[in-house]
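Raw model_17.csv, CSV, N, CA and C atoms:
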chain,number,residue,atom,x,y,z
A,1,ALA,N,-17.8,-1.9,-12.9
A,1,ALA,CA,-17.9,-3.2,-13.6
A,1,ALA,C,-16.5,-3.8,-13.8
A,2,ASP,N,-15.5,-2.9,-13.7
A,2,ASP,CA,-14.1,-3.5,-13.9
A,2,ASP,C,-13.5,-3.9,-12.5
A,3,ALA,N,-14.2,-3.6,-11.5
A,3,ALA,CA,-13.6,-3.9,-10.1
A,3,ALA,C,-13.6,-5.4,-9.9
A,4,PRO,N,-12.6,-5.9,-9.2
A,4,PRO,CA,-12.5,-7.3,-9.0
A,4,PRO,C,-13.6,-7.9,-8.1
A,5,ILE,N,-13.9,-9.1,-8.3
A,5,ILE,CA,-14.8,-9.8,-7.4
A,5,ILE,C,-14.0,-10.6,-6.4
A,6,ARG,N,-14.0,-10.2,-5.2
A,6,ARG,CA,-13.2,-10.8,-4.1
A,6,ARG,C,-14.0,-10.9,-2.9
A,7,ASN,N,-13.7,-11.9,-2.1
A,7,ASN,CA,-14.4,-12.0,-0.8
A,7,ASN,C,-13.7,-11.1,0.2
A,8,VAL,N,-14.2,-9.9,0.4
A,8,VAL,CA,-13.6,-8.9,1.2
A,8,VAL,C,-13.5,-9.3,2.7
A,9,HIS,N,-14.2,-10.4,3.0
A,9,HIS,CA,-14.2,-10.9,4.4
A,9,HIS,C,-13.0,-11.8,4.7
A,10,TYR,N,-12.4,-12.3,3.6
A,10,TYR,CA,-11.3,-13.2,3.8
A,10,TYR,C,-10.0,-12.4,3.7
A,11,ALA,N,-9.1,-12.6,4.6
A,11,ALA,CA,-7.8,-12.0,4.6
A,11,ALA,C,-6.8,-13.0,5.2
A,12,ARG,N,-5.7,-13.2,4.6
A,12,ARG,CA,-4.7,-14.1,5.1
A,12,ARG,C,-4.2,-13.5,6.4
A,13,ALA,N,-4.0,-14.3,7.4
A,13,ALA,CA,-3.5,-13.9,8.7
A,13,ALA,C,-2.0,-14.0,8.7
A,14,PHE,N,-1.4,-12.9,9.2
A,14,PHE,CA,0.1,-12.9,9.2
A,14,PHE,C,0.5,-12.6,10.7
A,15,GLU,N,1.6,-13.2,11.1
A,15,GLU,CA,2.2,-13.0,12.4
A,15,GLU,C,3.6,-12.4,12.1
A,16,THR,N,4.0,-11.5,12.9
A,16,THR,CA,5.4,-10.9,12.6
A,16,THR,C,6.4,-12.0,12.9
A,17,THR,N,7.3,-12.1,11.9
A,17,THR,CA,8.4,-13.1,12.0
A,17,THR,C,9.7,-12.3,12.0
A,18,ASP,N,10.8,-13.0,12.2
A,18,ASP,CA,12.1,-12.4,12.1
A,18,ASP,C,12.5,-12.0,10.7
A,19,SER,N,11.8,-12.5,9.7
A,19,SER,CA,12.0,-12.2,8.3
A,19,SER,C,11.2,-11.0,7.8
A,20,ALA,N,10.4,-10.4,8.7
A,20,ALA,CA,9.6,-9.3,8.3
A,20,ALA,C,10.4,-8.1,7.8
A,21,LEU,N,9.9,-7.4,6.8
A,21,LEU,CA,10.6,-6.2,6.3
A,21,LEU,C,10.1,-5.0,7.0
A,22,GLN,N,10.8,-3.9,7.0
A,22,GLN,CA,10.4,-2.7,7.7
A,22,GLN,C,9.8,-1.7,6.6
A,23,VAL,N,8.7,-1.2,6.9
A,23,VAL,CA,8.0,-0.2,6.0
A,23,VAL,C,7.8,1.1,6.8
A,24,ARG,N,8.2,2.1,6.2
A,24,ARG,CA,7.9,3.5,6.7
A,24,ARG,C,6.9,4.1,5.8
A,25,VAL,N,5.9,4.7,6.4
A,25,VAL,CA,4.8,5.5,5.7
A,25,VAL,C,4.7,6.8,6.3
A,26,TYR,N,4.8,7.9,5.5
A,26,TYR,CA,4.7,9.2,6.0
A,26,TYR,C,3.8,10.1,5.2
A,27,SER,N,3.3,11.1,5.8
A,27,SER,CA,2.5,12.1,5.1
A,27,SER,C,2.7,13.4,5.8
A,28,GLU,N,3.4,14.4,5.2
A,28,GLU,CA,3.7,15.6,5.9
A,28,GLU,C,2.4,16.4,6.1
A,29,SER,N,1.4,16.3,5.1
A,29,SER,CA,0.2,17.0,5.3
A,29,SER,C,-0.7,16.5,6.4
A,30,GLU,N,-0.5,15.2,6.8
A,30,GLU,CA,-1.3,14.6,7.8
A,30,GLU,C,-0.5,14.5,9.1
A,31,GLY,N,0.8,14.9,9.1
A,31,GLY,CA,1.6,14.8,10.3
A,31,GLY,C,1.8,13.3,10.7
A,32,LEU,N,1.9,12.5,9.7
A,32,LEU,CA,2.1,11.0,9.9
A,32,LEU,C,3.5,10.6,9.6
A,33,ASP,N,4.1,9.8,10.4
A,33,ASP,CA,5.4,9.2,10.2
A,33,ASP,C,5.5,7.9,11.0
A,34,ILE,N,5.2,6.8,10.4
A,34,ILE,CA,5.1,5.5,11.1
A,34,ILE,C,6.0,4.5,10.5
A,35,THR,N,6.5,3.5,11.3
A,35,THR,CA,7.3,2.4,10.7
A,35,THR,C,6.7,1.1,11.4
A,36,PHE,N,6.6,0.1,10.6
A,36,PHE,CA,6.0,-1.1,11.0
A,36,PHE,C,6.5,-2.3,10.2
A,37,PRO,N,6.4,-3.5,10.8
A,37,PRO,CA,6.9,-4.7,10.1
A,37,PRO,C,5.8,-5.2,9.1
A,38,CYS,N,6.3,-5.7,7.9
A,38,CYS,CA,5.5,-6.2,6.9
A,38,CYS,C,6.0,-7.5,6.4
A,39,GLU,N,5.2,-8.5,6.5
A,39,GLU,CA,5.7,-9.8,6.0
A,39,GLU,C,5.7,-9.9,4.5
A,40,VAL,N,6.5,-10.8,4.0
A,40,VAL,CA,6.5,-11.1,2.5
A,40,VAL,C,5.1,-11.6,2.2
A,41,GLY,N,4.5,-11.0,1.1
A,41,GLY,CA,3.2,-11.4,0.7
A,41,GLY,C,2.0,-10.6,1.4
A,42,GLU,N,2.3,-9.8,2.4
A,42,GLU,CA,1.3,-9.0,3.1
A,42,GLU,C,1.3,-7.6,2.4
A,43,THR,N,0.1,-7.1,2.2
A,43,THR,CA,0.0,-5.8,1.7
A,43,THR,C,0.4,-4.7,2.7
A,44,VAL,N,0.8,-3.6,2.2
A,44,VAL,CA,1.2,-2.5,3.1
A,44,VAL,C,0.1,-2.1,4.0
A,45,LEU,N,-1.1,-2.0,3.4
A,45,LEU,CA,-2.3,-1.6,4.1
A,45,LEU,C,-2.6,-2.6,5.2
A,46,ASP,N,-2.6,-3.9,4.9
A,46,ASP,CA,-2.9,-4.9,6.0
A,46,ASP,C,-1.8,-4.9,7.1
A,47,ALA,N,-0.5,-4.7,6.7
A,47,ALA,CA,0.5,-4.7,7.7
A,47,ALA,C,0.4,-3.5,8.6
A,48,ALA,N,0.0,-2.3,8.1
A,48,ALA,CA,-0.2,-1.1,8.9
A,48,ALA,C,-1.3,-1.4,9.9
A,49,GLU,N,-2.4,-1.9,9.4
A,49,GLU,CA,-3.5,-2.2,10.3
A,49,GLU,C,-3.2,-3.2,11.4
A,50,ARG,N,-2.5,-4.2,11.0
A,50,ARG,CA,-2.1,-5.3,11.9
A,50,ARG,C,-1.2,-4.7,13.0
A,51,SER,N,-0.5,-3.6,12.7
A,51,SER,CA,0.4,-3.0,13.7
A,51,SER,C,-0.3,-1.8,14.4
A,52,GLY,N,-1.6,-1.7,14.2
A,52,GLY,CA,-2.4,-0.7,14.9
A,52,GLY,C,-2.4,0.7,14.3
A,53,HIS,N,-2.1,0.8,13.0
A,53,HIS,CA,-2.1,2.1,12.4
A,53,HIS,C,-3.2,2.2,11.4
A,54,GLU,N,-3.8,3.4,11.2
A,54,GLU,CA,-4.8,3.6,10.3
A,54,GLU,C,-4.3,4.4,9.0
A,55,LEU,N,-4.5,3.8,7.9
A,55,LEU,CA,-4.2,4.5,6.6
A,55,LEU,C,-5.5,4.6,5.8
A,56,PRO,N,-5.7,5.5,4.9
A,56,PRO,CA,-6.9,5.6,4.2
A,56,PRO,C,-7.1,4.5,3.2
A,57,PHE,N,-8.4,4.0,3.1
A,57,PHE,CA,-8.7,3.0,2.1
A,57,PHE,C,-10.2,3.1,1.9
A,58,SER,N,-10.7,2.4,0.8
A,58,SER,CA,-12.1,2.3,0.6
A,58,SER,C,-12.4,0.8,0.1
A,59,CYS,N,-12.0,0.5,-1.1
A,59,CYS,CA,-12.5,-0.7,-1.7
A,59,CYS,C,-11.6,-2.0,-1.4
A,60,ARG,N,-10.3,-1.8,-1.1
A,60,ARG,CA,-9.4,-2.9,-0.8
A,60,ARG,C,-9.2,-3.8,-2.0
A,61,GLY,N,-9.6,-3.4,-3.2
A,61,GLY,CA,-9.6,-4.3,-4.3
A,61,GLY,C,-8.9,-3.7,-5.6
A,62,GLY,N,-8.3,-2.5,-5.4
A,62,GLY,CA,-7.6,-1.9,-6.6
A,62,GLY,C,-8.6,-1.2,-7.5
A,63,GLY,N,-9.8,-0.8,-7.0
A,63,GLY,CA,-10.7,-0.2,-7.9
A,63,GLY,C,-11.0,1.3,-7.6
A,64,CYS,N,-10.2,1.8,-6.6
A,64,CYS,CA,-10.3,3.3,-6.3
A,64,CYS,C,-8.9,3.8,-6.0
A,65,ILE,N,-8.8,5.0,-5.7
A,65,ILE,CA,-7.5,5.6,-5.4
A,65,ILE,C,-7.3,6.2,-4.0
A,66,VAL,N,-8.2,5.8,-3.1
A,66,VAL,CA,-8.2,6.3,-1.7
A,66,VAL,C,-6.9,6.0,-1.0
A,67,CYS,N,-6.3,4.8,-1.3
A,67,CYS,CA,-5.1,4.4,-0.6
A,67,CYS,C,-3.8,4.7,-1.4
A,68,ALA,N,-3.9,5.6,-2.4
A,68,ALA,CA,-2.8,5.9,-3.2
A,68,ALA,C,-1.6,6.4,-2.4
A,69,GLY,N,-0.4,5.9,-2.8
A,69,GLY,CA,0.8,6.4,-2.2
A,69,GLY,C,1.9,6.4,-3.2
A,70,ARG,N,3.1,6.8,-2.9
A,70,ARG,CA,4.2,6.9,-3.8
A,70,ARG,C,5.4,6.2,-3.1
A,71,VAL,N,6.1,5.3,-3.9
A,71,VAL,CA,7.3,4.6,-3.4
A,71,VAL,C,8.4,5.6,-3.4
A,72,ASP,N,9.0,5.9,-2.3
A,72,ASP,CA,10.2,6.7,-2.2
A,72,ASP,C,11.5,5.8,-2.2
A,73,GLU,N,11.4,4.7,-1.5
A,73,GLU,CA,12.6,3.8,-1.5
A,73,GLU,C,12.1,2.3,-1.4
A,74,GLY,N,12.9,1.4,-1.9
A,74,GLY,CA,12.6,0.0,-1.8
A,74,GLY,C,12.0,-0.6,-3.1
A,75,ASP,N,11.9,-1.9,-3.1
A,75,ASP,CA,11.4,-2.7,-4.2
A,75,ASP,C,10.0,-3.2,-3.8
A,76,VAL,N,9.0,-3.0,-4.6
A,76,VAL,CA,7.7,-3.4,-4.3
A,76,VAL,C,7.0,-4.1,-5.5
A,77,GLU,N,6.0,-4.8,-5.3
A,77,GLU,CA,5.2,-5.4,-6.3
A,77,GLU,C,3.7,-5.0,-6.1
A,78,MET,N,3.0,-4.7,-7.2
A,78,MET,CA,1.6,-4.4,-7.0
A,78,MET,C,0.8,-5.4,-7.8
A,79,ASP,N,-0.2,-6.0,-7.1
A,79,ASP,CA,-1.2,-6.9,-7.7
A,79,ASP,C,-2.0,-6.1,-8.7
A,80,GLU,N,-2.9,-6.9,-9.4
A,80,GLU,CA,-3.8,-6.3,-10.3
A,80,GLU,C,-4.6,-5.2,-9.7
A,81,GLN,N,-4.7,-4.1,-10.4
A,81,GLN,CA,-5.5,-2.9,-10.0
A,81,GLN,C,-6.1,-2.3,-11.2
A,82,TYR,N,-7.0,-1.4,-11.0
A,82,TYR,CA,-7.9,-0.9,-12.2
A,82,TYR,C,-7.9,0.6,-12.4
A,83,VAL,N,-7.1,1.3,-11.6
A,83,VAL,CA,-7.2,2.8,-11.7
A,83,VAL,C,-5.9,3.5,-12.1
A,84,LEU,N,-4.8,3.0,-11.7
A,84,LEU,CA,-3.5,3.6,-12.1
A,84,LEU,C,-3.1,3.3,-13.5
A,85,ASP,N,-2.7,4.3,-14.3
A,85,ASP,CA,-2.3,4.0,-15.6
A,85,ASP,C,-0.8,3.9,-15.6
A,86,ASP,N,-0.2,3.7,-16.8
A,86,ASP,CA,1.3,3.5,-16.9
A,86,ASP,C,2.0,4.7,-16.5
A,87,ASP,N,1.5,5.9,-16.7
A,87,ASP,CA,2.2,7.2,-16.3
A,87,ASP,C,2.2,7.2,-14.7
A,88,HIS,N,1.1,6.9,-14.1
A,88,HIS,CA,1.1,6.9,-12.6
A,88,HIS,C,2.2,5.9,-12.1
A,89,ILE,N,2.2,4.7,-12.6
A,89,ILE,CA,3.1,3.7,-12.2
A,89,ILE,C,4.6,4.1,-12.4
A,90,ARG,N,4.8,4.7,-13.6
A,90,ARG,CA,6.1,5.3,-13.9
A,90,ARG,C,6.5,6.3,-12.9
A,91,ASP,N,5.5,7.1,-12.4
A,91,ASP,CA,5.8,8.1,-11.4
A,91,ASP,C,5.8,7.6,-10.0
A,92,ARG,N,5.8,6.3,-9.8
A,92,ARG,CA,6.0,5.5,-8.6
A,92,ARG,C,4.8,5.5,-7.7
A,93,PHE,N,3.6,5.9,-8.2
A,93,PHE,CA,2.3,5.7,-7.5
A,93,PHE,C,2.0,4.3,-7.4
A,94,ARG,N,1.5,3.9,-6.2
A,94,ARG,CA,1.0,2.5,-5.9
A,94,ARG,C,-0.2,2.6,-5.1
A,95,LEU,N,-1.1,1.6,-5.2
A,95,LEU,CA,-2.2,1.4,-4.3
A,95,LEU,C,-1.8,0.6,-3.1
A,96,LEU,N,-1.8,1.1,-1.9
A,96,LEU,CA,-1.3,0.4,-0.7
A,96,LEU,C,-2.1,-0.9,-0.4
A,97,CYS,N,-3.3,-1.0,-0.9
A,97,CYS,CA,-4.1,-2.2,-0.6
A,97,CYS,C,-3.7,-3.3,-1.5
A,98,CYS,N,-2.9,-3.0,-2.6
A,98,CYS,CA,-2.5,-4.0,-3.6
A,98,CYS,C,-1.0,-4.2,-3.6
A,99,THR,N,-0.3,-3.5,-2.8
A,99,THR,CA,1.2,-3.5,-2.9
A,99,THR,C,1.8,-4.3,-1.7
A,100,THR,N,2.8,-5.1,-2.1
A,100,THR,CA,3.6,-5.8,-1.2
A,100,THR,C,5.0,-5.4,-1.4
A,101,VAL,N,5.9,-5.6,-0.4
A,101,VAL,CA,7.3,-5.2,-0.5
A,101,VAL,C,8.2,-6.4,-0.6
A,102,THR,N,9.3,-6.2,-1.3
A,102,THR,CA,10.3,-7.3,-1.4
A,102,THR,C,11.6,-6.8,-0.7
A,103,THR,N,11.6,-5.6,-0.3
A,103,THR,CA,12.8,-5.1,0.5
A,103,THR,C,12.1,-4.1,1.5
A,104,ASP,N,12.9,-3.6,2.5
A,104,ASP,CA,12.5,-2.5,3.3
A,104,ASP,C,12.1,-1.4,2.4
A,105,ALA,N,11.1,-0.6,2.8
A,105,ALA,CA,10.5,0.4,1.8
A,105,ALA,C,10.0,1.6,2.6
A,106,VAL,N,9.9,2.7,1.8
A,106,VAL,CA,9.4,4.0,2.3
A,106,VAL,C,8.3,4.5,1.3
A,107,PHE,N,7.2,4.8,1.9
A,107,PHE,CA,6.1,5.3,1.0
A,107,PHE,C,5.6,6.7,1.6
A,108,GLU,N,5.2,7.6,0.7
A,108,GLU,CA,4.4,8.7,1.0
A,108,GLU,C,3.0,8.3,0.8
A,109,SER,N,2.1,8.7,1.8
A,109,SER,CA,0.7,8.2,1.7
A,109,SER,C,-0.2,9.5,1.6
A,110,HIS,N,-1.5,9.2,1.6
A,110,HIS,CA,-2.5,10.2,1.5
A,110,HIS,C,-2.4,11.0,0.3
A,111,LEU,N,-2.2,10.3,-0.9
A,111,LEU,CA,-2.0,11.0,-2.2
A,111,LEU,C,-3.1,10.8,-3.1
A,112,GLU,N,-4.3,10.6,-2.6
A,112,GLU,CA,-5.5,10.4,-3.5
A,112,GLU,C,-5.6,11.6,-4.5
A,113,ASP,N,-5.5,12.8,-3.9
A,113,ASP,CA,-5.6,14.0,-4.7
A,113,ASP,C,-4.5,14.3,-5.7
A,114,ALA,N,-3.4,13.6,-5.5
A,114,ALA,CA,-2.2,13.8,-6.4
A,114,ALA,C,-2.3,12.9,-7.7
A,115,VAL,N,-3.2,11.9,-7.6
A,115,VAL,CA,-3.4,11.0,-8.8
A,115,VAL,C,-4.4,11.7,-9.7
A,116,ASP,N,-3.9,12.1,-10.9
A,116,ASP,CA,-4.8,12.8,-11.8
A,116,ASP,C,-5.1,12.0,-13.0

Can you present the structure in this file as structure tokens?
Amino acid sequence: ADAPIRNVHYARAFETTDSALQVRVYSESEGLDITFPCEVGETVLDAAERSGHELPFSCRGGGCIVCAGRVDEGDVEMDEQYVLDDDHIRDRFRLLCCTTVTTDAVFESHLEDAVD
């Protein structure tokens, strides 16, 4: 009931520009270490997919924790979401479907089980 009502079929189209920021996403448990360009205003999840990489997700609307990750480096902004509390955010957890970057950034991913 608290999940956002969004048209999940609509997504802004981004093309990689010279101003794209670099995002690294890794998961030691999954053997993942990828780097890809992310445009200003583009979510980390969308940028990864646009670059041909698969990251875990479910709702794409901030209503679950399947895409949970943790910011290791960089400045990020997270849109409205419904599952992370202030303690999670203070511990640098973010939902990659709702998070955009404002600088180059590094995230640890596949952390759904770490969010308690």

**OP:** Enumerate, as a VMD selection string, the complete set of residues in segment 45-100 of chain A that a backbone-based DSSP assignment places in helix (DSSP H, G or I).
**Re:** chain A and resid 45 to 50 86 to 90

Subject >> Residue contacts of Glu42 of chain A (10 Å, only C-alpha atoms) excluding same-chain residues fewer than 3 positions away, as a list of chain:residue names >> reply: A:Ala11, A:Arg12, A:Ala13, A:Phe14, A:Ala20, A:Pro37, A:Cys38, A:Glu39, A:Leu45, A:Asp46, A:Ala47, A:Ala48, A:Cys97, A:Cys98, A:Thr99, A:Thr100, A:Val101

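Between atom C of Cys64 of chain A and atom CA of Ser29 of chain A the separation is 19.6 Å.
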
Original post:
Hey, which of A:Thr43, A:Thr103, A:Ser27, A:Gln22 ends up closest to Gly74 of chain A? Count only C-alpha atoms.
Top reply: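 For Gly74 of chain A, the nearest of the given residues is A:Thr103.
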
Original post:
In Å, with one decimal, what is the gap from atom C of Asp113 of chain A to atom C of Leu32 of chain A?
Top reply: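 These two atoms are separated by 17.7 Å.
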
Edge lengths and centre in Å to one decimal, as lines of an AutoDock Vina configuration file, of the axis-aligned box that encloses all listed atoms of segment 41-56 of chain A with 6 Å added on every side?
center_x = -1.3
center_y = -2.9
center_z = 7.8
size_x = 23.6
size_y = 29.0
size_z = 26.2

Subject >> Point-to-point distance in Å for atom N of Thr17 of chain A and atom CA of Phe107 of chain A >> reply: 20.6 Å

**OP:** Fewer than 5 positions away in the same chain doesn't count, so skip those; otherwise give me all residues within 6.5 Å of Val25 of chain A, counting only N, CA and C atoms, as a ChimeraX atom specification.
**Re:** /A:32-36,105-109

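Compared by their closest atoms to Arg94 of chain A, and using all atoms listed in the file, the residues A:Ala68, A:Leu55, A:Ala114, A:Val76 rank with A:Ala68 nearest.
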
Subject >> Filtered DSSP result for chain A, state strand (DSSP E), as JSON, numbers by chain >> reply: {"A": [21, 22, 23, 24, 25, 26, 27, 32, 33, 34, 35, 36, 37, 38, 68, 69, 70, 71, 72, 73, 76, 77, 78, 93, 94, 95, 99, 100, 101, 105, 106, 107, 108]}

Subject >> Contacts of Thr102 of chain A at 9 Å (only C-alpha atoms; same-chain gap of 4+ positions) as a ChimeraX atom specification >> reply: /A:21,40-41,74-77

Subject >> Exercise: Cys67 of chain A partners within 6 Å, only N, CA and C atoms, chain neighbours under 3 positions left out, as a list in words >> reply: Pro56, Phe57, Ser58, Cys64, Arg94, Leu95, Leu96, Cys97, His110 and Leu111 of chain A
